[in-house]
$ cat work06.txt   # compact mmCIF, C-alpha atoms
# COMPACT_ATOMS: atom_id res chain seq x y z
CA MET A 97 -115.89 96.14 -120.76
CA GLY A 98 -118.97 94.63 -122.45
CA ASN A 99 -120.43 91.36 -121.13
CA ALA A 100 -118.99 88.54 -119.08
CA LEU A 101 -119.62 84.98 -120.27
CA VAL A 102 -119.22 82.00 -117.97
CA ALA A 103 -119.49 78.28 -118.76
CA GLN A 104 -118.89 75.03 -116.88
CA SER A 105 -117.14 71.90 -118.09
CA GLY A 106 -116.10 68.40 -117.12
CA GLY A 107 -117.52 66.35 -114.28
CA PRO A 108 -120.02 68.22 -112.10
CA THR A 109 -119.35 68.83 -108.40
CA THR A 110 -121.13 70.12 -105.33
CA ALA A 111 -119.09 73.34 -105.49
CA ILE A 112 -119.05 74.21 -109.20
CA ASN A 113 -122.18 76.35 -108.86
CA ALA A 114 -120.64 78.23 -105.95
CA SER A 115 -117.82 79.10 -108.37
CA LEU A 116 -120.44 80.36 -110.82
CA VAL A 117 -121.97 82.51 -108.08
CA GLY A 118 -118.53 83.91 -107.30
CA VAL A 119 -117.91 84.91 -110.91
CA VAL A 120 -121.35 86.56 -111.11
CA LYS A 121 -120.88 88.46 -107.87
CA GLY A 122 -117.35 89.50 -108.83
CA ALA A 123 -118.47 90.71 -112.24
CA VAL A 124 -121.37 92.69 -110.78
CA ALA A 125 -119.23 94.20 -108.01
CA SER A 126 -116.61 95.36 -110.51
CA GLY A 127 -119.12 97.55 -112.33
CA LYS A 128 -117.18 96.81 -115.53
CA PHE A 129 -119.63 94.41 -117.18
CA ASP A 130 -123.03 95.18 -118.64
CA LYS A 131 -124.41 91.65 -118.25
CA VAL A 132 -123.34 88.22 -117.05
CA LEU A 133 -124.12 85.58 -119.67
CA GLY A 134 -123.99 81.80 -119.39
CA GLY A 135 -122.99 79.29 -122.03
CA LEU A 136 -125.06 76.13 -121.74
CA HIS A 137 -123.14 72.82 -121.90
CA GLY A 138 -119.64 74.25 -121.91
CA ILE A 139 -117.59 75.21 -124.93
CA VAL A 140 -119.85 73.10 -127.16
CA GLY A 141 -122.83 75.22 -126.17
CA VAL A 142 -120.83 78.39 -126.76
CA MET A 143 -120.03 77.30 -130.32
CA ASP A 144 -123.70 76.38 -130.80
CA GLU A 145 -124.60 79.82 -129.45
CA LYS A 146 -126.66 78.47 -126.58
CA ILE A 147 -126.32 81.63 -124.52
CA VAL A 148 -128.56 82.74 -121.65
CA GLU A 149 -128.47 85.65 -119.22
CA VAL A 150 -127.53 84.60 -115.69
CA SER A 151 -129.58 86.03 -112.84
CA THR A 152 -127.86 88.47 -110.49
CA ASP A 153 -130.70 88.32 -107.95
CA GLU A 154 -129.31 87.59 -104.48
CA ALA A 155 -132.05 85.12 -103.57
CA GLU A 156 -131.53 83.21 -106.83
CA LEU A 157 -127.75 83.20 -106.39
CA SER A 158 -128.15 81.91 -102.85
CA LEU A 159 -130.16 78.99 -104.20
CA ILE A 160 -127.66 78.29 -106.99
CA TYR A 161 -124.82 78.41 -104.43
CA ARG A 162 -126.16 75.33 -102.66
CA THR A 163 -127.37 73.47 -105.77
CA PRO A 164 -125.36 70.38 -106.83
CA SER A 165 -124.03 69.70 -110.32
CA SER A 166 -123.48 72.19 -113.14
CA TYR A 167 -126.30 74.75 -113.26
CA LEU A 168 -125.26 75.77 -116.78
CA GLY A 169 -124.69 72.21 -117.93
CA SER A 170 -121.40 70.65 -118.96
CA CYS A 171 -119.57 68.86 -121.76
CA ARG A 172 -116.45 66.82 -122.38
CA TYR A 173 -114.94 68.23 -125.54
CA LYS A 174 -111.29 68.43 -126.51
CA MET A 175 -110.37 71.46 -128.58
CA PRO A 176 -107.74 70.73 -131.26
CA LEU A 177 -104.25 72.13 -131.02
CA VAL A 178 -104.03 75.72 -132.15
CA GLY A 179 -103.15 75.57 -135.83
CA GLU A 180 -104.88 72.22 -136.43
CA ASP A 181 -108.45 73.42 -136.93
CA ASP A 182 -108.61 77.13 -136.28
CA ALA A 183 -112.12 77.30 -137.68
CA LEU A 184 -113.35 76.16 -134.26
CA TYR A 185 -111.48 78.96 -132.54
CA ASP A 186 -112.77 81.45 -135.07
CA ARG A 187 -116.28 80.21 -134.30
CA VAL A 188 -115.79 80.78 -130.58
CA LEU A 189 -114.51 84.31 -131.19
CA GLU A 190 -117.35 84.95 -133.60
CA VAL A 191 -119.94 84.06 -130.96
CA LEU A 192 -118.16 86.00 -128.22
CA THR A 193 -117.90 89.06 -130.44
CA LYS A 194 -121.56 88.83 -131.45
CA TRP A 195 -122.60 88.80 -127.79
CA ASP A 196 -120.20 91.62 -126.93
CA VAL A 197 -118.21 89.43 -124.55
CA SER A 198 -115.05 90.97 -123.15
CA ALA A 199 -114.22 88.20 -120.65
CA PHE A 200 -114.84 84.46 -120.87
CA PHE A 201 -114.68 82.39 -117.67
CA TYR A 202 -114.42 78.60 -117.88
CA ILE A 203 -115.00 76.61 -114.69
CA GLY A 204 -113.46 73.16 -114.76
CA GLY A 205 -110.58 70.80 -114.14
CA ASN A 206 -107.50 69.70 -116.09
CA ASP A 207 -109.14 69.26 -119.47
CA SER A 208 -111.12 72.49 -119.11
CA MET A 209 -107.93 74.38 -118.32
CA ASP A 210 -106.46 72.90 -121.50
CA THR A 211 -109.37 74.46 -123.40
CA ILE A 212 -109.00 77.89 -121.82
CA ALA A 213 -105.22 77.83 -122.35
CA LYS A 214 -105.72 77.16 -126.06
CA LEU A 215 -108.35 79.90 -126.34
CA ALA A 216 -106.04 82.37 -124.65
CA THR A 217 -103.18 81.41 -126.96
CA TYR A 218 -105.32 81.79 -130.07
CA GLY A 219 -106.80 85.04 -128.81
CA LYS A 220 -103.33 86.52 -128.43
CA GLN A 221 -102.30 85.26 -131.88
CA VAL A 222 -105.18 87.04 -133.62
CA GLY A 223 -104.99 90.16 -131.46
CA SER A 224 -108.28 89.65 -129.61
CA ASP A 225 -108.94 91.82 -126.56
CA ILE A 226 -111.14 89.16 -124.96
CA ARG A 227 -109.83 87.90 -121.62
CA PHE A 228 -109.86 84.12 -121.10
CA ILE A 229 -109.84 83.11 -117.43
CA GLY A 230 -109.86 79.62 -115.92
CA VAL A 231 -111.72 78.91 -112.67
CA PRO A 232 -110.64 75.73 -110.83
CA LYS A 233 -112.93 72.84 -109.86
CA THR A 234 -112.43 69.11 -109.55
CA ILE A 235 -113.35 66.53 -106.96
CA ASP A 236 -110.20 64.63 -107.98
CA ASN A 237 -108.06 67.45 -106.51
CA ASP A 238 -105.41 66.83 -109.17
CA LEU A 239 -104.87 70.41 -110.39
CA VAL A 240 -101.27 71.48 -109.94
CA CYS A 241 -100.11 74.82 -108.49
CA THR A 242 -103.11 75.17 -106.17
CA ASP A 243 -103.22 73.71 -102.65
CA HIS A 244 -106.60 72.16 -103.44
CA ALA A 245 -109.52 72.63 -105.80
CA PRO A 246 -113.18 73.45 -105.11
CA GLY A 247 -115.32 70.35 -105.16
CA TYR A 248 -112.77 68.20 -103.37
CA GLY A 249 -113.66 69.21 -99.82
CA SER A 250 -117.36 68.44 -100.26
CA ALA A 251 -116.68 65.10 -101.97
CA ALA A 252 -114.21 64.22 -99.21
CA LYS A 253 -116.82 65.07 -96.58
CA TYR A 254 -119.39 62.83 -98.27
CA ILE A 255 -116.89 59.97 -98.57
CA ALA A 256 -115.80 60.20 -94.94
CA THR A 257 -119.42 60.37 -93.77
CA SER A 258 -120.40 57.40 -95.93
CA MET A 259 -117.46 55.39 -94.64
CA LEU A 260 -118.49 56.12 -91.04
CA GLU A 261 -122.05 55.05 -91.78
CA ILE A 262 -120.79 51.91 -93.53
CA ALA A 263 -118.73 51.16 -90.42
CA HIS A 264 -121.89 51.25 -88.30
CA ASP A 265 -123.78 49.04 -90.74
CA THR A 266 -121.06 46.40 -91.11
CA ALA A 267 -120.28 46.15 -87.38
CA VAL A 268 -123.60 44.57 -86.40
CA TYR A 269 -122.83 40.93 -87.26
CA GLU A 270 -120.39 38.53 -85.63
CA ALA A 271 -119.69 36.59 -88.82
CA PRO A 272 -116.46 37.68 -90.56
CA CYS A 273 -117.13 40.09 -93.40
CA VAL A 274 -115.07 42.28 -95.75
CA THR A 275 -116.53 45.37 -97.39
CA ILE A 276 -114.77 46.93 -100.38
CA VAL A 277 -115.65 50.58 -101.10
CA GLU A 278 -114.66 51.78 -104.57
CA ILE A 279 -113.99 55.52 -104.75
CA MET A 280 -113.35 57.79 -107.74
CA GLY A 281 -109.75 58.55 -108.63
CA ARG A 282 -108.32 57.43 -111.96
CA ASP A 283 -104.76 58.60 -111.44
CA ALA A 284 -104.68 60.38 -108.06
CA GLY A 285 -105.80 59.07 -104.68
CA TRP A 286 -106.90 62.28 -102.95
CA LEU A 287 -110.54 61.22 -102.74
CA THR A 288 -109.85 57.72 -101.46
CA ALA A 289 -107.45 59.11 -98.86
CA SER A 290 -110.33 61.10 -97.35
CA ALA A 291 -111.92 57.83 -96.19
CA ALA A 292 -109.42 57.94 -93.30
CA LEU A 293 -111.37 60.83 -91.76
CA ALA A 294 -114.09 58.33 -90.79
CA ARG A 295 -111.88 56.89 -88.06
CA ASN A 296 -112.65 58.00 -84.54
CA SER A 297 -112.35 56.83 -80.93
CA TYR A 298 -114.56 53.79 -81.53
CA ASN A 299 -114.22 53.21 -85.28
CA PRO A 300 -110.91 51.97 -86.77
CA THR A 301 -112.32 51.49 -90.27
CA PRO A 302 -111.38 51.61 -93.01
CA GLN A 303 -108.41 49.53 -91.91
CA LEU A 304 -106.99 49.46 -95.44
CA ILE A 305 -106.66 52.25 -98.03
CA TYR A 306 -105.18 51.75 -101.49
CA LEU A 307 -104.27 54.64 -103.82
CA PRO A 308 -103.09 54.70 -107.47
CA GLU A 309 -99.79 56.28 -106.43
CA VAL A 310 -98.50 52.91 -105.14
CA ALA A 311 -98.39 49.71 -107.20
CA PHE A 312 -101.07 47.25 -106.05
CA SER A 313 -100.20 43.63 -105.25
CA ARG A 314 -103.00 41.06 -105.16
CA THR A 315 -100.92 38.78 -102.96
CA ARG A 316 -100.11 41.59 -100.53
CA PHE A 317 -103.75 42.66 -100.48
CA ILE A 318 -105.00 39.21 -99.45
CA GLN A 319 -102.36 39.08 -96.72
CA ASP A 320 -103.39 42.54 -95.52
CA VAL A 321 -107.01 41.40 -95.28
CA LYS A 322 -105.97 38.23 -93.42
CA ASP A 323 -103.98 40.29 -90.93
CA CYS A 324 -106.99 42.51 -90.29
CA LEU A 325 -109.34 39.53 -89.91
CA SER A 326 -107.05 38.13 -87.21
CA LYS A 327 -107.98 41.18 -85.10
CA THR A 328 -111.61 41.81 -86.06
CA ASN A 329 -114.52 40.29 -87.96
CA ASN A 330 -115.38 43.60 -89.63
CA VAL A 331 -112.89 44.73 -92.29
CA VAL A 332 -113.58 47.75 -94.50
CA VAL A 333 -111.34 48.60 -97.44
CA ALA A 334 -111.25 51.91 -99.34
CA VAL A 335 -109.84 51.58 -102.84
CA SER A 336 -109.33 54.01 -105.73
CA GLU A 337 -110.93 53.02 -109.02
CA GLY A 338 -107.57 53.57 -110.74
CA ILE A 339 -105.25 51.29 -108.76
CA ARG A 340 -102.65 49.59 -110.94
CA ASP A 341 -100.36 46.60 -110.64
CA ASP A 342 -96.56 46.77 -110.75
CA LYS A 343 -96.71 46.82 -114.57
CA GLY A 344 -98.87 49.92 -114.56
CA LEU A 345 -102.01 48.07 -115.68
CA TYR A 346 -105.37 49.01 -114.18
CA LEU A 347 -106.97 46.33 -112.04
CA SER A 348 -110.39 47.49 -113.17
CA ALA A 349 -112.46 44.68 -114.65
CA LYS A 350 -113.69 47.06 -117.36
CA MET A 351 -110.86 48.89 -119.08
CA LYS A 352 -111.83 49.02 -122.73
CA ALA A 353 -113.68 52.34 -122.91
CA GLU A 354 -111.86 55.64 -123.35
CA ASP A 355 -113.27 59.17 -123.29
CA LYS A 356 -112.50 61.84 -125.88
CA PHE A 357 -109.37 62.84 -123.98
CA GLY A 358 -107.99 59.29 -124.12
CA HIS A 359 -108.66 58.66 -120.42
CA MET A 360 -109.66 55.16 -119.37
CA GLN A 361 -113.29 54.95 -118.23
CA LEU A 362 -112.89 52.83 -115.14
CA SER A 363 -115.32 50.77 -113.13
CA GLY A 364 -115.32 47.36 -111.61
CA VAL A 365 -112.26 47.27 -109.33
CA GLY A 366 -114.46 46.91 -106.25
CA LYS A 367 -116.26 43.92 -107.73
CA TYR A 368 -112.94 42.46 -108.87
CA LEU A 369 -111.53 42.62 -105.33
CA GLU A 370 -114.78 41.30 -103.88
CA ASN A 371 -114.49 38.18 -106.02
CA LEU A 372 -110.79 37.88 -105.19
CA VAL A 373 -111.51 37.87 -101.45
CA LYS A 374 -114.32 35.32 -101.87
CA ASP A 375 -112.11 33.04 -103.94
CA GLU A 376 -109.05 33.29 -101.72
CA LEU A 377 -110.61 33.46 -98.25
CA SER A 378 -114.06 31.89 -98.71
CA ILE A 379 -115.79 34.46 -96.51
CA LYS A 380 -118.60 36.95 -96.99
CA CYS A 381 -117.52 39.99 -99.00
CA ARG A 382 -119.47 42.80 -100.61
CA SER A 383 -118.42 45.77 -102.72
CA VAL A 384 -119.90 49.26 -102.81
CA GLU A 385 -119.28 51.78 -105.61
CA LEU A 386 -119.96 55.36 -104.51
CA SER A 387 -119.92 56.49 -108.15
CA ILE A 388 -121.52 59.89 -108.88
CA LEU A 389 -122.98 60.14 -105.37
CA GLN A 390 -119.67 61.50 -104.13
CA ARG A 391 -119.87 64.53 -106.42
CA CYS A 392 -123.55 65.49 -106.11
CA ALA A 393 -124.28 65.13 -102.38
CA ALA A 394 -125.11 68.78 -101.72
CA HIS A 395 -127.00 67.87 -98.54
CA ILE A 396 -123.64 67.28 -96.86
CA ALA A 397 -121.48 69.86 -98.63
CA SER A 398 -118.50 71.47 -96.92
CA LYS A 399 -119.14 75.16 -96.24
CA THR A 400 -115.41 75.79 -96.41
CA ASP A 401 -115.39 74.25 -99.87
CA LEU A 402 -118.32 76.27 -101.22
CA ASP A 403 -117.14 79.54 -99.70
CA GLU A 404 -113.67 79.12 -101.19
CA ALA A 405 -115.29 78.39 -104.56
CA VAL A 406 -117.13 81.72 -104.34
CA GLU A 407 -113.94 83.58 -103.47
CA LEU A 408 -112.04 82.00 -106.37
CA GLY A 409 -114.87 82.96 -108.72
CA LYS A 410 -114.73 86.54 -107.47
CA GLU A 411 -110.96 86.59 -107.91
CA ALA A 412 -111.35 85.33 -111.49
CA ALA A 413 -113.57 88.34 -112.22
CA ASN A 414 -111.00 90.58 -110.58
CA LEU A 415 -108.22 89.18 -112.77
CA ALA A 416 -110.28 89.88 -115.89
CA GLU A 417 -110.96 93.42 -114.65
CA GLN A 418 -107.19 93.90 -114.38
CA GLY A 419 -106.89 93.00 -118.06
CA LEU A 420 -105.22 89.62 -117.54
CA THR A 421 -105.83 86.63 -119.79
CA GLY A 422 -104.73 82.99 -119.78
CA VAL A 423 -104.60 82.84 -115.98
CA MET A 424 -106.32 80.93 -113.16
CA PRO A 425 -106.76 81.95 -109.50
CA ILE A 426 -105.32 79.47 -106.99
CA LEU A 427 -105.23 78.84 -103.25
CA LYS A 428 -102.04 78.82 -101.21
CA ARG A 429 -102.28 77.37 -97.70
CA GLY A 430 -100.83 79.37 -94.84
CA SER A 431 -101.43 76.90 -92.00
CA ASN A 432 -103.62 73.98 -90.90
CA ASP A 433 -104.42 75.19 -87.38
CA PRO A 434 -105.72 77.78 -87.61
CA TYR A 435 -106.60 77.02 -91.23
CA THR A 436 -105.64 79.89 -93.54
CA VAL A 437 -105.31 80.30 -97.30
CA ILE A 438 -104.45 83.20 -99.58
CA LEU A 439 -105.51 83.88 -103.17
CA GLN A 440 -102.91 84.06 -105.93
CA HIS A 441 -102.96 83.38 -109.66
CA VAL A 442 -100.79 81.54 -112.17
CA ASP A 443 -100.42 81.30 -115.92
CA ILE A 444 -102.81 78.61 -117.08
CA SER A 445 -100.15 77.01 -119.29
CA THR A 446 -98.46 75.76 -116.09
CA ILE A 447 -101.66 73.92 -115.09
CA ALA A 448 -103.16 72.45 -118.25
CA ASN A 449 -102.45 68.74 -118.80
CA GLN A 450 -100.57 68.36 -115.50
CA GLU A 451 -101.62 66.20 -112.54
CA SER A 452 -101.10 66.60 -108.83
CA LYS A 453 -100.55 63.27 -107.10
CA VAL A 454 -100.65 62.36 -103.41
CA PRO A 455 -97.06 62.72 -102.09
CA ARG A 456 -95.51 59.31 -101.48
CA GLU A 457 -94.54 60.38 -97.95
CA TRP A 458 -98.25 60.85 -97.17
CA ILE A 459 -98.78 57.12 -97.82
CA ASN A 460 -97.48 54.53 -95.36
CA GLU A 461 -94.52 52.31 -96.20
CA LEU A 462 -96.65 49.26 -97.00
CA GLY A 463 -98.84 51.29 -99.36
CA ASN A 464 -102.07 50.24 -97.64
CA ASP A 465 -102.89 53.37 -95.62
CA VAL A 466 -102.27 57.11 -95.39
CA THR A 467 -100.25 59.02 -92.81
CA ASP A 468 -101.22 61.70 -90.31
CA LYS A 469 -99.88 64.34 -92.72
CA MET A 470 -102.55 63.35 -95.21
CA ILE A 471 -105.29 63.59 -92.58
CA GLU A 472 -104.03 66.98 -91.38
CA TYR A 473 -104.17 68.24 -94.96
CA ILE A 474 -107.75 67.09 -95.60
CA LYS A 475 -109.43 67.83 -92.27
CA PRO A 476 -109.75 71.64 -92.63
CA LEU A 477 -111.35 71.26 -96.07
CA VAL A 478 -114.46 69.42 -94.83
CA GLN A 479 -115.38 71.88 -92.09
CA GLY A 480 -118.71 73.70 -91.87
CA GLU A 481 -122.26 72.86 -92.89
CA VAL A 482 -124.32 74.56 -95.59
CA VAL A 483 -127.86 75.54 -94.68
CA ILE A 484 -130.25 73.76 -97.04
CA GLY A 485 -133.88 74.70 -97.53
CA TYR A 486 -136.41 71.87 -97.48
CA SER A 487 -139.88 71.34 -98.93
CA GLU A 488 -142.01 68.31 -98.11
CA GLY A 489 -138.99 66.69 -96.52
CA LEU A 490 -136.63 67.07 -99.50
CA PRO A 491 -133.90 69.64 -100.29
CA VAL A 492 -134.83 72.59 -102.49
CA TYR A 493 -132.32 73.19 -105.28
CA GLY A 494 -132.12 75.44 -108.32
CA ASP A 495 -134.31 74.63 -111.32
CA ILE A 496 -132.26 72.84 -114.01
CA SER A 497 -135.11 72.16 -116.43
CA HIS A 498 -133.42 74.48 -118.94
CA LEU A 499 -130.76 71.77 -119.35
CA THR A 500 -133.09 68.86 -120.06
CA LYS A 501 -135.67 70.31 -122.43
CA LYS A 502 -135.22 69.30 -126.06
CA GLU A 503 -135.36 72.05 -128.64
CA GLU A 504 -138.49 72.07 -130.78
CA GLY A 505 -137.96 71.03 -134.36
$ encode --input "work06.txt" --output "structure tokens"
Amino acid sequence: MGNALVAQSGGPTTAINASLVGVVKGAVASGKFDKVLGGLHGIVGVMDEKIVEVSTDEAELSLIYRTPSSYLGSCRYKMPLVGEDDALYDRVLEVLTKWDVSAFFYIGGNDSMDTIAKLATYGKQVGSDIRFIGVPKTIDNDLVCTDHAPGYGSAAKYIATSMLEIAHDTAVYEAPCVTIVEIMGRDAGWLTASAALARNSYNPTPQLIYLPEVAFSRTRFIQDVKDCLSKTNNVVVAVSEGIRDDKGLYLSAKMKAEDKFGHMQLSGVGKYLENLVKDELSIKCRSVELSILQRCAAHIASKTDLDEAVELGKEAANLAEQGLTGVMPILKRGSNDPYTVILQHVDISTIANQESKVPREWINELGNDVTDKMIEYIKPLVQGEVVIGYSEGLPVYGDISHLTKKEEG
């Protein structure tokens, strides 16, 4: 079949390299590919012909498996509609043909699946035999058709752990205090919902959780905080960066920037709510933004998450071996207890540019917390610990210096 080429795109995650390992192992096991190649920095690197050979050594793959972020680098680049600027598509096919690529695997989220869907469409139009396969990843967990996406479970585990540790830190003083924790999630609240896992027999925090799926009321929020303060001096609030008011406007204090896909670049909602609490209630309030920490904390990755990423990568290689193109492997849940999933695949056109939101029935009536159904859904995804090697007290990860060196000349 020639060579397999794999690239990574969009925001990095703790599990995206496990997906890479899965593709490599699947391609090697098939016996249908001569080499496994990697495109550095996504589709942009492919067009620039930044191609390297990916190691198939088991020890090296084991290290990559537990390494955070995108081992091959990433990009955020929107391909034009097919028919708008086909020179770009011709360039991709030119590079793939030059490197004798028979299957191209693109690991990413919604926007990456848009890219692979367009490549598959163009490939069919021009009669190319190259298979284009999408491999799911996103901490946002907003890919449709699949029960969940690799990257989400590990991010959820980090968030829940951080919330529990914040609960311990904020409980030590008697003076009333409110802590606002801002969590990623522009349009879907899956990540913020995972904060509820921090609750246990002695810890009721976070008492309040706000997701983008429900319109946010400033007045209602202040009343919610007051109600909590009537019962305890320690109030912790988990809030999605993308919460909106009843007019659909982001509360974020910084809403002017947009990325190349037209998505708002959000930050500042935690600080906004911190100032609101201080102004309205005149008590101590701090805000914490987890930011990129929630997607690169490999030291507390979910083994379930990483192992499922490997299996989806292997299945992607299997789909290419079958001669399929324009498809993506997905997970379908069988049950929560015991937790079971099965692998299937769908046409990528049903996934690209769609978003999976938290079901309204998984959010309480007041819109300030999640239900037991939400917790039952998340809990299996954070199970298991990944064994990390250490040197001089710090984790040992894969060498990413190939991504940061500037080309001579």
$ closest_residue --input "work06.txt" --among "A:Leu177, A:Gly485, A:Ser258, A:Ala252" --to "A:Tyr218" --atoms "all atoms listed in the file"
A:Leu177
$ residues_around --input "work06.txt" --residues "A:Thr193" --least-positions-apart "4" --cutoff "10 Å" --atoms "only C-alpha atoms" --output "count of residues only"
9
$ closest_atom_pairs --input "work06.txt" --of "stretch 392-487 of chain A" --to "stretch 152-163 of chain A" --cutoff "10 Å" --atoms "all atoms listed in the file" --output "tab-separated table"
residue	atom	partner	partner_atom	distance
A:Cys392	CA	A:Thr163	CA	8.9
A:Ala393	CA	A:Thr163	CA	9.5
A:Ala394	CA	A:Thr163	CA	6.6
A:His395	CA	A:Arg162	CA	8.6
A:Ala397	CA	A:Arg162	CA	8.3
A:Lys399	CA	A:Arg162	CA	9.5
A:Leu402	CA	A:Tyr161	CA	7.6
A:Asp403	CA	A:Tyr161	CA	9.1
A:Ala405	CA	A:Tyr161	CA	9.5
A:Val406	CA	A:Tyr161	CA	8.4
A:Val482	CA	A:Arg162	CA	7.3
A:Val483	CA	A:Arg162	CA	8.2
A:Ile484	CA	A:Arg162	CA	7.1
A:Gly485	CA	A:Leu159	CA	8.8
$ write_last_selection --input "work06.txt" --atoms "C-alpha atoms" --output "JSON list (two decimals), in the coordinates of the input"
[["chain", "number", "residue", "atom", "x", "y", "z"],
["A", 392, "CYS", "CA", -123.55, 65.49, -106.11],
["A", 393, "ALA", "CA", -124.28, 65.13, -102.38],
["A", 394, "ALA", "CA", -125.11, 68.78, -101.72],
["A", 395, "HIS", "CA", -127.00, 67.87, -98.54],
["A", 397, "ALA", "CA", -121.48, 69.86, -98.63],
["A", 399, "LYS", "CA", -119.14, 75.16, -96.24],
["A", 402, "LEU", "CA", -118.32, 76.27, -101.22],
["A", 403, "ASP", "CA", -117.14, 79.54, -99.70],
["A", 405, "ALA", "CA", -115.29, 78.39, -104.56],
["A", 406, "VAL", "CA", -117.13, 81.72, -104.34],
["A", 482, "VAL", "CA", -124.32, 74.56, -95.59],
["A", 483, "VAL", "CA", -127.86, 75.54, -94.68],
["A", 484, "ILE", "CA", -130.25, 73.76, -97.04],
["A", 485, "GLY", "CA", -133.88, 74.70, -97.53]]
$ closest_residue --input "work06.txt" --among "A:Lys469, A:Lys453, A:Lys253, A:His441" --to "A:Ile396" --atoms "all atoms listed in the file"
A:Lys253
$ closest_residue --input "work06.txt" --among "A:Phe228, A:Tyr368, A:Tyr173, A:Trp458" --to "A:Trp286" --atoms "all atoms listed in the file"
A:Trp458
$ residues_around --input "work06.txt" --residues "A:Gly138" --least-positions-apart "4" --cutoff "7 Å" --atoms "all atoms listed in the file" --output "number ranges by chain"
A: 103-105, 142, 169-171
$ atom_distance --input "work06.txt" --atom1 "atom CA of A:Lys380" --atom2 "atom CA of A:Cys273"
5.0 Å
